[in-house]
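What follows is one structure encoded as C-alpha cells, with my remarks underneath.
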Amino acid sequence: MSDAVSRLAEVKAAIAAATADAKRPDGSVTLVAVSKTFPVEAIEPVLAAGHRVFGENYVQDAKGKWPELRARYPDAQVHMIGPLQSNKAREAVALFDVIETLDRPSLAKELAKEIEKASGTRRPRFLVQVNTGAEPQKGGVLPDEADAFIAACRNQYGLDVEGVMCIPPADEPPAPHFALLTTIARRNGLSTVSMGMSADYPVAIAMGATHVRVGSAIFGARG
C-alpha cells in the first residue's frame, strides 16, 4: 500500500509542475483520486497520507466502503464520476459530496426531489457532464445544449451547479475538447472544470482544469 502513497506524491508533484508551467496559482488544481473498484484497504493509506478528495464510479461500490472510511476520516470528500441512474438518486444524494455526471432532465428532477426530502441535511454540488465528442455510447449533454441544460438545472430544479466535466474521445487529441469545456464553463459563470485523467491531465491543466481525475497513476491497474 505504500506504493500508492509514493505514486500519490509523484502525481501531486506533476500537478504542481504543470500548474506552474501554465502560470497558474499554486494549489489551483484539485486532484480527485479515482478509487473506483479498489477496497478500503487500498484507499485508507492514501487517506492516512492526507489526501481527502476521491472519485467513485458506482453507487453500490461507494456504499460498501465510504461510510466506514468516513467514520475515520469525516472530512473526506467523495465525487460521483460515473453514469448515474435516476433510480439511484436517493443513495447518490446520501453518499456523494459532488455529483459530476448530471446530464439529463429526468436525473435532475429525481436529484432535486431527493434533496428536498433530505430537508437540508444533504445537498451535493453538481457538475454537468458535457459529451464534447458527441459519442453515442457516452453520457453527457451535447455541447450546443449545455447552456440551456445548465440554466434549467439552476432555475427549474434548484440544483447547485458549480461546474462542468468531460471525458474526451479516446482516439482524438484531448486539447480541443478541453478548450471547448473551458469555454462552456466561462460562458455560464461556472468555477469548476473537471477534465483530464491519468494519461492527459497535464494537458488539461494547461487548458484550464480546476479538477483532474487520476486513478491508475495512483492506485495501479485495476483487476
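Here's how to read the names in the C-alpha cells: chain A, B, ... by the order shown, residue numbers from 1 in each chain, ligand numbers from 1 in the order shown.
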Legend entry - Contacts of A:Leu181 at 12 Å (only C-alpha atoms; same-chain gap of 2+ positions) as a PyMOL selection string: chain A and resi 127-133+140-144+146-147+163-168+174-179+183-188+190-196+204+207-210
Would you list the contacts of A:Asp21 as a PDB file with N, CA, C and O atoms, in the first residue's frame, taking every protein, DNA or RNA residue within 10 Å and counting only C-alpha atoms, but skipping same-chain residues closer than 5 positions in sequence?
ATOM      1  N   ILE A  15       1.339  17.532 -10.911  1.00  0.00           N
ATOM      2  CA  ILE A  15       0.276  18.532 -10.991  1.00  0.00           C
ATOM      3  C   ILE A  15       0.826  19.919 -10.650  1.00  0.00           C
ATOM      4  O   ILE A  15       0.523  20.905 -11.329  1.00  0.00           O
ATOM      5  N   ALA A  16       1.638  19.987  -9.616  1.00  0.00           N
ATOM      6  CA  ALA A  16       2.236  21.270  -9.232  1.00  0.00           C
ATOM      7  C   ALA A  16       3.113  21.825 -10.352  1.00  0.00           C
ATOM      8  O   ALA A  16       3.095  23.030 -10.640  1.00  0.00           O
ATOM      9  N   PRO A 202      -1.810  16.703 -17.536  1.00  0.00           N
ATOM     10  CA  PRO A 202      -1.015  17.931 -17.728  1.00  0.00           C
ATOM     11  C   PRO A 202      -1.586  18.826 -18.838  1.00  0.00           C
ATOM     12  O   PRO A 202      -1.572  20.062 -18.719  1.00  0.00           O
ATOM     13  N   ILE A 205      -4.604  20.649 -17.417  1.00  0.00           N
ATOM     14  CA  ILE A 205      -4.212  21.768 -16.552  1.00  0.00           C
ATOM     15  C   ILE A 205      -3.820  22.976 -17.397  1.00  0.00           C
ATOM     16  O   ILE A 205      -4.197  24.116 -17.092  1.00  0.00           O
ATOM     17  N   ALA A 206      -3.090  22.732 -18.485  1.00  0.00           N
ATOM     18  CA  ALA A 206      -2.707  23.832 -19.376  1.00  0.00           C
ATOM     19  C   ALA A 206      -3.926  24.502 -19.996  1.00  0.00           C
ATOM     20  O   ALA A 206      -3.894  25.706 -20.297  1.00  0.00           O
TER      21      ALA A 206
END
Inset, instruction - Between A:Glu110, A:Ala4, A:Gln137, A:Asn57, single out the one closest to A:Ala217, counting only C-alpha atoms. - result: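 When distances to A:Ala217 are compared using only C-alpha atoms, the smallest one comes from A:Ala4.
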Running DSSP on the backbone, which parts of stretch 66-125 of chain A land in strand (DSSP E or B), as a PDB file with N, CA and C atoms, in the first residue's frame?
ATOM      1  N   GLN A  77     -13.977  13.915   0.993  1.00  0.00           N
ATOM      2  CA  GLN A  77     -14.996  14.278   0.013  1.00  0.00           C
ATOM      3  C   GLN A  77     -15.025  13.219  -1.076  1.00  0.00           C
ATOM      4  N   VAL A  78     -16.211  12.813  -1.470  1.00  0.00           N
ATOM      5  CA  VAL A  78     -16.356  11.775  -2.484  1.00  0.00           C
ATOM      6  C   VAL A  78     -17.172  12.319  -3.653  1.00  0.00           C
ATOM      7  N   HIS A  79     -16.597  12.195  -4.847  1.00  0.00           N
ATOM      8  CA  HIS A  79     -17.247  12.644  -6.078  1.00  0.00           C
ATOM      9  C   HIS A  79     -17.799  11.438  -6.836  1.00  0.00           C
ATOM     10  N   MET A  80     -19.014  11.553  -7.338  1.00  0.00           N
ATOM     11  CA  MET A  80     -19.567  10.565  -8.256  1.00  0.00           C
ATOM     12  C   MET A  80     -19.122  10.955  -9.661  1.00  0.00           C
ATOM     13  N   VAL A  98     -20.134  15.626  -4.257  1.00  0.00           N
ATOM     14  CA  VAL A  98     -20.212  16.229  -5.593  1.00  0.00           C
ATOM     15  C   VAL A  98     -20.648  15.144  -6.567  1.00  0.00           C
ATOM     16  N   ILE A  99     -21.609  15.458  -7.407  1.00  0.00           N
ATOM     17  CA  ILE A  99     -22.030  14.557  -8.484  1.00  0.00           C
ATOM     18  C   ILE A  99     -21.626  15.218  -9.796  1.00  0.00           C
ATOM     19  N   GLU A 100     -20.671  14.585 -10.505  1.00  0.00           N
ATOM     20  CA  GLU A 100     -20.072  15.205 -11.690  1.00  0.00           C
ATOM     21  C   GLU A 100     -20.770  14.801 -12.985  1.00  0.00           C
ATOM     22  N   THR A 101     -21.775  13.928 -12.913  1.00  0.00           N
ATOM     23  CA  THR A 101     -22.330  13.352 -14.126  1.00  0.00           C
ATOM     24  C   THR A 101     -23.807  13.681 -14.322  1.00  0.00           C
ATOM     25  N   LEU A 102     -24.177  14.887 -13.969  1.00  0.00           N
ATOM     26  CA  LEU A 102     -25.539  15.363 -14.207  1.00  0.00           C
ATOM     27  C   LEU A 102     -25.679  15.644 -15.708  1.00  0.00           C
ATOM     28  N   ARG A 125     -23.121  19.187  -4.423  1.00  0.00           N
ATOM     29  CA  ARG A 125     -22.870  20.117  -5.514  1.00  0.00           C
ATOM     30  C   ARG A 125     -22.819  19.325  -6.816  1.00  0.00           C
TER      31      ARG A 125
END
Inset, instruction - Could you check how far atom CA of A:Val40 sits from atom CA of A:Ser198, in Å to one decimal? - result: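 Separation of atom CA of A:Val40 and atom CA of A:Ser198: 21.3 Å.
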Inset, instruction - Tell me, as a list in words, which residues lie within 10 Å of stretch 118-120 of chain A, counting only C-alpha atoms; anything in the same chain fewer than 3 positions away does not count. - result: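 Near stretch 118-120 of chain A, the qualifying residues are Arg90, Val93, Ala94, Ala112, Lys113, Glu114, Ile115 and Arg123 of chain A.
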Legend entry - Selection: 8 Å around stretch 60-68 of chain A, only C-alpha atoms, excl. self and same-chain fewer than 5 positions, as JSON, numbers by chain: {"A": [36, 37, 39, 40, 95]}
For N, CA, C and O atoms, I'd like the residues from the last selection saved as a CSV table (one decimal), in the first residue's frame.
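Everything below was put into out-v7.csv:
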chain,number,residue,atom,x,y,z
A,36,LYS,N,-12.3,4.0,-7.6
A,36,LYS,CA,-13.4,3.1,-8.0
A,36,LYS,C,-12.8,1.6,-8.1
A,36,LYS,O,-11.7,1.4,-8.6
A,37,THR,N,-13.6,0.7,-7.6
A,37,THR,CA,-13.3,-0.7,-7.6
A,37,THR,C,-12.2,-1.1,-6.6
A,37,THR,O,-12.0,-2.3,-6.3
A,39,PRO,N,-10.6,-1.6,-2.8
A,39,PRO,CA,-11.2,-1.8,-1.5
A,39,PRO,C,-10.7,-0.8,-0.5
A,39,PRO,O,-9.8,0.0,-0.7
A,40,VAL,N,-11.4,-0.8,0.7
A,40,VAL,CA,-11.0,0.1,1.8
A,40,VAL,C,-9.5,0.0,2.1
A,40,VAL,O,-8.8,1.0,2.3
A,95,LEU,N,-24.7,9.7,-0.4
A,95,LEU,CA,-23.3,9.3,-0.4
A,95,LEU,C,-22.3,10.3,-0.8
A,95,LEU,O,-21.2,10.4,-0.3
Inset, instruction - Work out how far atom CA of A:Arg213 is from atom CA of A:Asp200, in Å to one decimal. - result: 10.0 Å
At a cut-off of 9 Å, using only C-alpha atoms, what residues contact A:Ile43? Leave out same-chain residues fewer than 6 positions from it and give the result as a short mmCIF file (atom, residue, chain, number, x, y, z; two decimals) with N, CA and C atoms, in the first residue's frame.
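Contents of part.cif, as written:
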data_model
loop_
_atom_site.label_atom_id
_atom_site.label_comp_id
_atom_site.auth_asym_id
_atom_site.auth_seq_id
_atom_site.Cartn_x
_atom_site.Cartn_y
_atom_site.Cartn_z
N MET A 1 0.81 -1.20 0.00
CA MET A 1 0.00 0.00 0.00
C MET A 1 0.85 1.27 0.00
N ALA A 4 1.04 3.11 -3.37
CA ALA A 4 0.02 4.10 -3.72
C ALA A 4 0.37 5.46 -3.13
N SER A 35 -10.79 6.13 -6.89
CA SER A 35 -10.64 4.91 -6.09
C SER A 35 -11.67 3.85 -6.47
N LEU A 69 -15.08 4.38 5.81
CA LEU A 69 -13.92 5.28 5.73
C LEU A 69 -14.24 6.66 6.31
N PHE A 219 -3.32 4.34 -7.87
CA PHE A 219 -3.67 3.05 -7.26
C PHE A 219 -3.16 1.85 -8.05
#
